[in-house]
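Okay, my_file_16.csv is below, CSV, C-alpha atoms:
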chain,number,residue,atom,x,y,z
A,1,ARG,CA,-13.6,-14.7,-0.2
A,2,LYS,CA,-11.1,-11.8,0.1
A,3,GLU,CA,-9.0,-11.0,-3.0
A,4,VAL,CA,-5.8,-11.3,-1.0
A,5,GLU,CA,-5.7,-13.2,2.3
A,6,GLN,CA,-3.0,-13.3,4.9
A,7,ASP,CA,-2.7,-14.6,8.4
A,8,PRO,CA,-2.8,-11.5,10.5
A,9,GLY,CA,-0.6,-13.0,13.2
A,10,PRO,CA,1.0,-11.8,15.4
A,11,PHE,CA,4.1,-13.9,14.8
A,12,ASN,CA,6.4,-13.6,17.8
A,13,VAL,CA,9.7,-15.0,16.8
A,14,PRO,CA,13.1,-15.2,18.6
A,15,GLU,CA,16.0,-13.3,17.1
A,16,GLY,CA,18.0,-15.5,14.7
A,17,ALA,CA,15.0,-17.8,13.9
A,18,THR,CA,13.5,-18.4,10.5
A,19,VAL,CA,9.9,-17.3,9.8
A,20,ALA,CA,7.7,-17.9,6.9
A,21,PHE,CA,4.5,-16.2,5.8
A,22,ASN,CA,2.0,-17.3,3.2
A,23,CYS,CA,-0.6,-15.3,1.3
A,24,THR,CA,-3.3,-16.5,-1.1
A,25,TYR,CA,-5.0,-14.6,-3.9
A,26,SER,CA,-8.3,-15.2,-5.6
A,27,ASN,CA,-7.8,-13.7,-9.1
A,28,SER,CA,-6.1,-16.3,-11.3
A,29,ALA,CA,-5.4,-13.6,-13.9
A,30,SER,CA,-3.2,-11.7,-11.4
A,31,GLN,CA,0.1,-10.7,-13.1
A,32,SER,CA,2.4,-9.1,-10.6
A,33,PHE,CA,3.1,-9.9,-6.9
A,34,PHE,CA,4.9,-8.0,-4.2
A,35,TRP,CA,5.8,-8.0,-0.5
A,36,TYR,CA,5.7,-4.6,1.1
A,37,ARG,CA,6.9,-3.8,4.6
A,38,GLN,CA,5.0,-1.4,6.8
A,39,ASP,CA,6.5,-0.1,10.1
A,40,CYS,CA,4.2,1.1,12.8
A,41,ARG,CA,2.5,4.4,11.8
A,42,LYS,CA,4.6,4.6,8.6
A,43,GLU,CA,3.9,4.2,4.9
A,44,PRO,CA,4.3,0.9,3.1
A,45,LYS,CA,7.6,0.3,1.4
A,46,LEU,CA,8.5,-2.3,-1.2
A,47,LEU,CA,10.4,-5.2,0.2
A,48,MET,CA,10.6,-7.3,-2.9
A,49,SER,CA,8.8,-8.3,-6.0
A,50,VAL,CA,7.9,-11.9,-6.4
A,51,TYR,CA,8.7,-13.8,-9.6
A,52,SER,CA,7.5,-17.1,-10.9
A,53,SER,CA,11.0,-18.5,-10.6
A,54,GLY,CA,11.3,-17.4,-7.0
A,55,ASN,CA,13.8,-14.7,-5.9
A,56,GLU,CA,16.1,-14.0,-3.1
A,57,ASP,CA,17.4,-10.8,-1.6
A,58,GLY,CA,19.8,-11.4,1.2
A,59,ARG,CA,17.9,-13.1,4.1
A,60,PHE,CA,14.6,-12.8,2.3
A,61,THR,CA,13.2,-15.3,-0.2
A,62,ALA,CA,9.9,-15.0,-2.0
A,63,GLN,CA,8.1,-17.7,-3.9
A,64,LEU,CA,5.1,-17.7,-6.2
A,65,ASN,CA,2.9,-20.8,-6.8
A,66,ARG,CA,0.5,-19.8,-9.6
A,67,ALA,CA,-1.2,-23.2,-9.7
A,68,SER,CA,-2.2,-22.9,-6.0
A,69,GLN,CA,-2.4,-19.1,-6.1
A,70,TYR,CA,-0.2,-18.4,-3.2
A,71,ILE,CA,2.8,-16.4,-2.4
A,72,SER,CA,5.3,-16.9,0.4
A,73,LEU,CA,8.0,-14.9,2.1
A,74,LEU,CA,10.8,-16.5,4.1
A,75,ILE,CA,13.0,-14.5,6.5
A,76,ARG,CA,16.2,-16.3,7.6
A,77,ASP,CA,18.3,-15.3,10.6
A,78,SER,CA,15.7,-12.8,11.7
A,79,LYS,CA,16.8,-9.4,13.2
A,80,LEU,CA,15.1,-7.1,15.6
A,81,SER,CA,14.8,-4.6,12.8
A,82,ASP,CA,12.6,-7.1,10.9
A,83,SER,CA,9.8,-6.4,13.3
A,84,ALA,CA,7.0,-4.9,11.1
A,85,THR,CA,3.8,-5.7,9.3
A,86,TYR,CA,4.3,-7.5,6.0
A,87,LEU,CA,1.8,-6.8,3.3
A,88,CYS,CA,1.1,-9.2,0.4
A,89,VAL,CA,0.2,-7.2,-2.7
A,90,VAL,CA,-1.2,-8.4,-6.0
A,91,SER,CA,-1.7,-6.6,-9.3
A,92,ALA,CA,-4.2,-7.6,-11.9
A,93,ASN,CA,-2.0,-6.2,-14.7
A,94,PHE,CA,1.6,-5.5,-15.6
A,95,GLY,CA,1.0,-1.8,-15.3
A,96,ASN,CA,0.5,-2.1,-11.6
A,97,GLU,CA,-2.1,0.6,-11.4
A,98,LYS,CA,-4.6,-1.6,-9.6
A,99,LEU,CA,-2.9,-3.0,-6.6
A,100,THR,CA,-4.8,-5.2,-4.1
A,101,PHE,CA,-3.4,-5.3,-0.6
A,102,GLY,CA,-3.7,-7.9,2.0
A,103,THR,CA,-4.4,-6.8,5.6
A,104,GLY,CA,-0.9,-7.7,6.6
A,105,THR,CA,1.0,-10.1,8.9
A,106,ARG,CA,2.4,-8.6,12.0
A,107,LEU,CA,5.9,-9.9,12.9
A,108,THR,CA,7.7,-9.2,16.2
A,109,ILE,CA,11.2,-10.4,16.7
A,110,ILE,CA,12.0,-11.1,20.3
A,111,PRO,CA,15.6,-10.5,21.7
B,1,ASN,CA,14.5,13.7,-4.7
B,2,ALA,CA,11.9,14.2,-2.0
B,3,GLY,CA,9.7,11.4,-3.5
B,4,VAL,CA,6.1,11.7,-2.5
B,5,THR,CA,5.2,14.3,0.0
B,6,GLN,CA,1.9,14.8,1.8
B,7,THR,CA,0.5,17.6,3.9
B,8,PRO,CA,-0.8,17.9,6.6
B,9,LYS,CA,0.6,15.0,8.7
B,10,PHE,CA,-2.3,15.1,11.1
B,11,ARG,CA,-5.7,16.8,11.1
B,12,ILE,CA,-8.8,16.8,13.3
B,13,LEU,CA,-12.1,17.8,11.6
B,14,LYS,CA,-15.5,18.3,12.9
B,15,ILE,CA,-18.4,16.5,11.2
B,16,GLY,CA,-19.5,18.4,8.1
B,17,GLN,CA,-16.2,20.3,7.6
B,18,SER,CA,-14.2,20.2,4.4
B,19,MET,CA,-10.6,19.9,3.8
B,20,THR,CA,-8.0,19.1,1.1
B,21,LEU,CA,-5.2,16.6,1.5
B,22,GLN,CA,-2.2,17.6,-0.6
B,23,CYS,CA,0.1,15.2,-2.4
B,24,THR,CA,3.1,16.1,-4.5
B,25,GLN,CA,5.7,13.9,-6.3
B,26,ASP,CA,8.9,15.0,-7.9
B,27,MET,CA,9.7,11.8,-9.7
B,28,ASN,CA,7.9,12.7,-12.9
B,29,HIS,CA,5.5,9.8,-12.4
B,30,ASN,CA,2.5,9.7,-14.7
B,31,TYR,CA,0.3,7.7,-12.3
B,32,MET,CA,-0.9,8.8,-8.9
B,33,TYR,CA,-3.2,7.2,-6.3
B,34,TRP,CA,-5.0,7.9,-3.1
B,35,TYR,CA,-5.6,5.1,-0.6
B,36,ARG,CA,-7.1,4.9,2.9
B,37,GLN,CA,-6.0,2.5,5.6
B,38,ASP,CA,-8.3,1.7,8.5
B,39,PRO,CA,-6.9,0.0,11.6
B,40,GLY,CA,-6.2,-3.6,11.0
B,41,MET,CA,-7.3,-3.4,7.3
B,42,GLY,CA,-5.5,-3.4,4.0
B,43,LEU,CA,-5.2,-0.3,1.9
B,44,LYS,CA,-8.2,0.6,-0.1
B,45,LEU,CA,-8.0,2.6,-3.4
B,46,ILE,CA,-10.0,5.8,-3.4
B,47,TYR,CA,-9.1,7.5,-6.7
B,48,TYR,CA,-6.3,7.3,-9.1
B,49,SER,CA,-5.0,9.3,-12.1
B,50,VAL,CA,-3.1,8.1,-15.1
B,51,GLY,CA,-2.0,11.6,-16.1
B,52,ALA,CA,-2.8,15.3,-15.9
B,53,GLY,CA,-6.5,15.9,-16.5
B,54,ILE,CA,-7.5,12.3,-16.1
B,55,THR,CA,-8.9,10.7,-12.9
B,56,ASP,CA,-10.9,7.6,-12.2
B,57,LYS,CA,-12.6,6.0,-9.2
B,58,GLY,CA,-11.2,3.3,-7.1
B,59,GLU,CA,-12.8,0.9,-4.7
B,60,VAL,CA,-14.1,3.5,-2.2
B,61,PRO,CA,-14.6,6.9,-3.9
B,62,ASN,CA,-17.8,8.0,-2.1
B,63,GLY,CA,-17.3,11.2,-0.1
B,64,TYR,CA,-14.1,12.2,-1.9
B,65,ASN,CA,-13.1,14.2,-5.0
B,66,VAL,CA,-9.8,14.6,-6.8
B,67,SER,CA,-8.3,16.7,-9.5
B,68,ARG,CA,-5.0,16.4,-11.4
B,69,SER,CA,-4.1,19.7,-13.1
B,70,THR,CA,-0.3,19.0,-13.1
B,71,THR,CA,1.9,15.9,-13.3
B,72,GLU,CA,3.2,16.6,-9.8
B,73,ASP,CA,0.1,17.3,-7.7
B,74,PHE,CA,-2.9,15.2,-6.9
B,75,PRO,CA,-5.0,16.7,-4.1
B,76,LEU,CA,-7.9,14.8,-2.4
B,77,ARG,CA,-10.9,16.8,-1.3
B,78,LEU,CA,-13.3,15.8,1.5
B,79,GLU,CA,-16.4,17.9,1.2
B,80,LEU,CA,-18.6,16.9,4.2
B,81,ALA,CA,-16.5,15.1,6.6
B,82,ALA,CA,-18.0,12.1,8.4
B,83,PRO,CA,-16.7,9.9,11.3
B,84,SER,CA,-16.4,7.0,8.8
B,85,GLN,CA,-13.7,9.0,7.0
B,86,THR,CA,-11.4,8.7,10.1
B,87,SER,CA,-8.5,6.9,8.6
B,88,VAL,CA,-4.9,7.2,7.5
B,89,TYR,CA,-4.6,8.5,3.9
B,90,PHE,CA,-1.7,7.6,1.7
B,91,CYS,CA,-0.8,9.0,-1.6
B,92,ALA,CA,1.3,7.0,-4.0
B,93,SER,CA,2.8,7.3,-7.5
B,94,ASN,CA,4.6,5.3,-10.2
B,95,ASN,CA,5.3,5.0,-13.9
B,96,GLY,CA,2.1,3.0,-14.6
B,97,GLY,CA,0.9,1.6,-17.8
B,98,ILE,CA,3.4,-0.6,-19.6
B,99,SER,CA,6.0,-0.3,-16.9
B,100,THR,CA,6.4,-2.8,-14.1
B,101,ASP,CA,7.4,-0.1,-11.7
B,102,THR,CA,5.8,-0.6,-8.3
B,103,GLN,CA,4.1,2.2,-6.3
B,104,TYR,CA,5.9,4.6,-4.0
B,105,PHE,CA,4.1,5.9,-1.0
B,106,GLY,CA,4.0,9.2,0.8
B,107,PRO,CA,4.2,9.3,4.6
B,108,GLY,CA,0.5,9.6,5.1
B,109,THR,CA,-2.1,12.0,6.6
B,110,ARG,CA,-3.8,10.9,9.8
B,111,LEU,CA,-7.3,12.3,9.8
B,112,THR,CA,-9.8,12.1,12.7
B,113,VAL,CA,-13.4,13.3,12.2
B,114,LEU,CA,-15.3,14.0,15.4
Now that the file is in, can you turn its structure into structure tokens?
Amino acid sequence: RKEVEQDPGPFNVPEGATVAFNCTYSNSASQSFFWYRQDCRKEPKLLMSVYSSGNEDGRFTAQLNRASQYISLLIRDSKLSDSATYLCVVSANFGNEKLTFGTGTRLTIIP
Amino acid sequence: NAGVTQTPKFRILKIGQSMTLQCTQDMNHNYMYWYRQDPGMGLKLIYYSVGAGITDKGEVPNGYNVSRSTTEDFPLRLELAAPSQTSVYFCASNNGGISTDTQYFGPGTRLTVL
């Protein structure tokens, strides 16, 4: 079993729609969780951290379910600029020096 | 703040050649990292450093070497390039340890070994 698993997609979603991604992780001792965004041929950039209580940043909502060991990302009112690959990232400790990356979910927003 | 910078952006090597990928950060971060990303795959950690003079192996260190003589610089050395090392290489940095600071990535170096 991979340490971090994501559906690779692609997800092709019309503009304005809501889309959700899930990610599962195998290490129950994982401490920190993130969603990164990676545009084509670019470096990963932090989209948002994921907290146990769930958190929201504009159109983006992230949830963590420790019992089931999964993380979700919800994008509402999707924009063309949301087209990217979304990486689920897990850290085994609070220091975040050992990040484990999922392979990413590719999202394309269709006009 | 330039953040994390990497040079070169692109490079083509022949099998058996050597090269150094440069990485510099100006954020005074104590931790630095090297990753490789193969097509359709997640990032894999090659080496990391928790401070000047200290380095440690990651998940895929074979075929690579690193050094960390200053806080700012963390070069990655390929001694005998092989086709399996064709990949995109990302350098990253953060305030690791007790901080919850996430990692910040450079723009990457695209390496092809023929």
Open item on the list: So that I can check the surroundings of range 68-71 of chain B, please list as a PyMOL selection string every protein, DNA and RNA residue that reaches within 12 Å of it, counting only C-alpha atoms and ignoring chain neighbours fewer than 3 positions away.
Closed with: chain B and resi 22-34+47-56+65+74-77+93-95
- [ ] Tell me, as a ChimeraX atom specification, which residues lie within 10 Å of range 13-24 of chain A, counting all atoms listed in the file; anything in the same chain fewer than 2 positions away does not count.
- [x] /A:2-11,26-27,35,59-66,68-83,86-90,102,104-105,107-111
With 12 Å as the cut-off and all atoms listed in the file counted, what is the closest atom pair between each nearby residue of chain B and chain A? Distances in Å to one decimal, ordered by chain and number, as CSV.
residue,atom,partner,partner_atom,distance
B:Val4,CA,A:Glu43,CA,10.8
B:Thr5,CA,A:Glu43,CA,11.3
B:Gln6,CA,A:Glu43,CA,11.2
B:Lys9,CA,A:Lys42,CA,11.1
B:Phe10,CA,A:Arg41,CA,11.7
B:His29,CA,A:Glu97,CA,12.0
B:Asn30,CA,A:Glu97,CA,10.7
B:Tyr31,CA,A:Glu97,CA,7.5
B:Met32,CA,A:Glu97,CA,8.7
B:Tyr33,CA,A:Glu97,CA,8.4
B:Trp34,CA,A:Glu97,CA,11.4
B:Tyr35,CA,A:Leu99,CA,10.4
B:Arg36,CA,A:Glu43,CA,11.2
B:Gln37,CA,A:Thr103,CA,9.4
B:Asp38,CA,A:Thr103,CA,9.8
B:Pro39,CA,A:Thr103,CA,9.4
B:Gly40,CA,A:Thr103,CA,6.5
B:Met41,CA,A:Thr103,CA,4.8
B:Gly42,CA,A:Thr103,CA,3.9
B:Leu43,CA,A:Phe101,CA,5.9
B:Lys44,CA,A:Phe101,CA,7.6
B:Leu45,CA,A:Leu99,CA,8.2
B:Ile46,CA,A:Lys98,CA,11.1
B:Tyr47,CA,A:Lys98,CA,10.6
B:Tyr48,CA,A:Glu97,CA,8.2
B:Ser49,CA,A:Glu97,CA,9.2
B:Val50,CA,A:Glu97,CA,8.4
B:Gly51,CA,A:Glu97,CA,12.0
B:Asp56,CA,A:Glu97,CA,11.3
B:Lys57,CA,A:Lys98,CA,11.0
B:Gly58,CA,A:Lys98,CA,8.6
B:Glu59,CA,A:Lys98,CA,9.9
B:Ser87,CA,A:Arg41,CA,11.7
B:Val88,CA,A:Arg41,CA,9.0
B:Tyr89,CA,A:Glu43,CA,9.6
B:Phe90,CA,A:Glu43,CA,7.3
B:Cys91,CA,A:Glu43,CA,9.3
B:Ala92,CA,A:Glu43,CA,9.7
B:Ser93,CA,A:Glu97,CA,9.2
B:Asn94,CA,A:Glu97,CA,8.3
B:Asn95,CA,A:Gly95,CA,8.2
B:Gly96,CA,A:Gly95,CA,5.0
B:Gly97,CA,A:Gly95,CA,4.2
B:Ile98,CA,A:Gly95,CA,5.1
B:Ser99,CA,A:Gly95,CA,5.5
B:Thr100,CA,A:Gly95,CA,5.6
B:Asp101,CA,A:Asn96,CA,7.2
B:Thr102,CA,A:Asn96,CA,6.4
B:Gln103,CA,A:Asn96,CA,7.7
B:Tyr104,CA,A:Lys45,CA,7.1
B:Phe105,CA,A:Glu43,CA,6.1
B:Gly106,CA,A:Glu43,CA,6.5
B:Pro107,CA,A:Glu43,CA,5.1
B:Gly108,CA,A:Glu43,CA,6.4
B:Thr109,CA,A:Glu43,CA,10.0
B:Arg110,CA,A:Arg41,CA,9.3
What separates CA of Tyr36 in chain A and CA of Ala84 in chain A is a distance of 10.1 Å
The distance between CA of Ser18 in chain B and CA of Leu114 in chain B is 12.7 Å
Worksheet entry | Atom pair CA of Val60 in chain B / CA of Met19 in chain B: separation (Å) |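 So the two atoms, CA of Val60 in chain B and CA of Met19 in chain B, lie 17.8 Å apart.
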Check: Do you know which residues are at most 7 Å from Thr86 in chain B counting all atoms listed in the file, after dropping those on the same chain fewer than 4 positions away, and could you put them as a ChimeraX atom specification?
Finding: /B:111-113
Could you please take those selected residues and save C-alpha atoms as a PDB file, keeping the file's coordinate frame?
ATOM      1  CA  LEU B 111      -7.300  12.300   9.800  1.00  0.00           C
ATOM      2  CA  THR B 112      -9.800  12.100  12.700  1.00  0.00           C
ATOM      3  CA  VAL B 113     -13.400  13.300  12.200  1.00  0.00           C
TER       4      VAL B 113
END
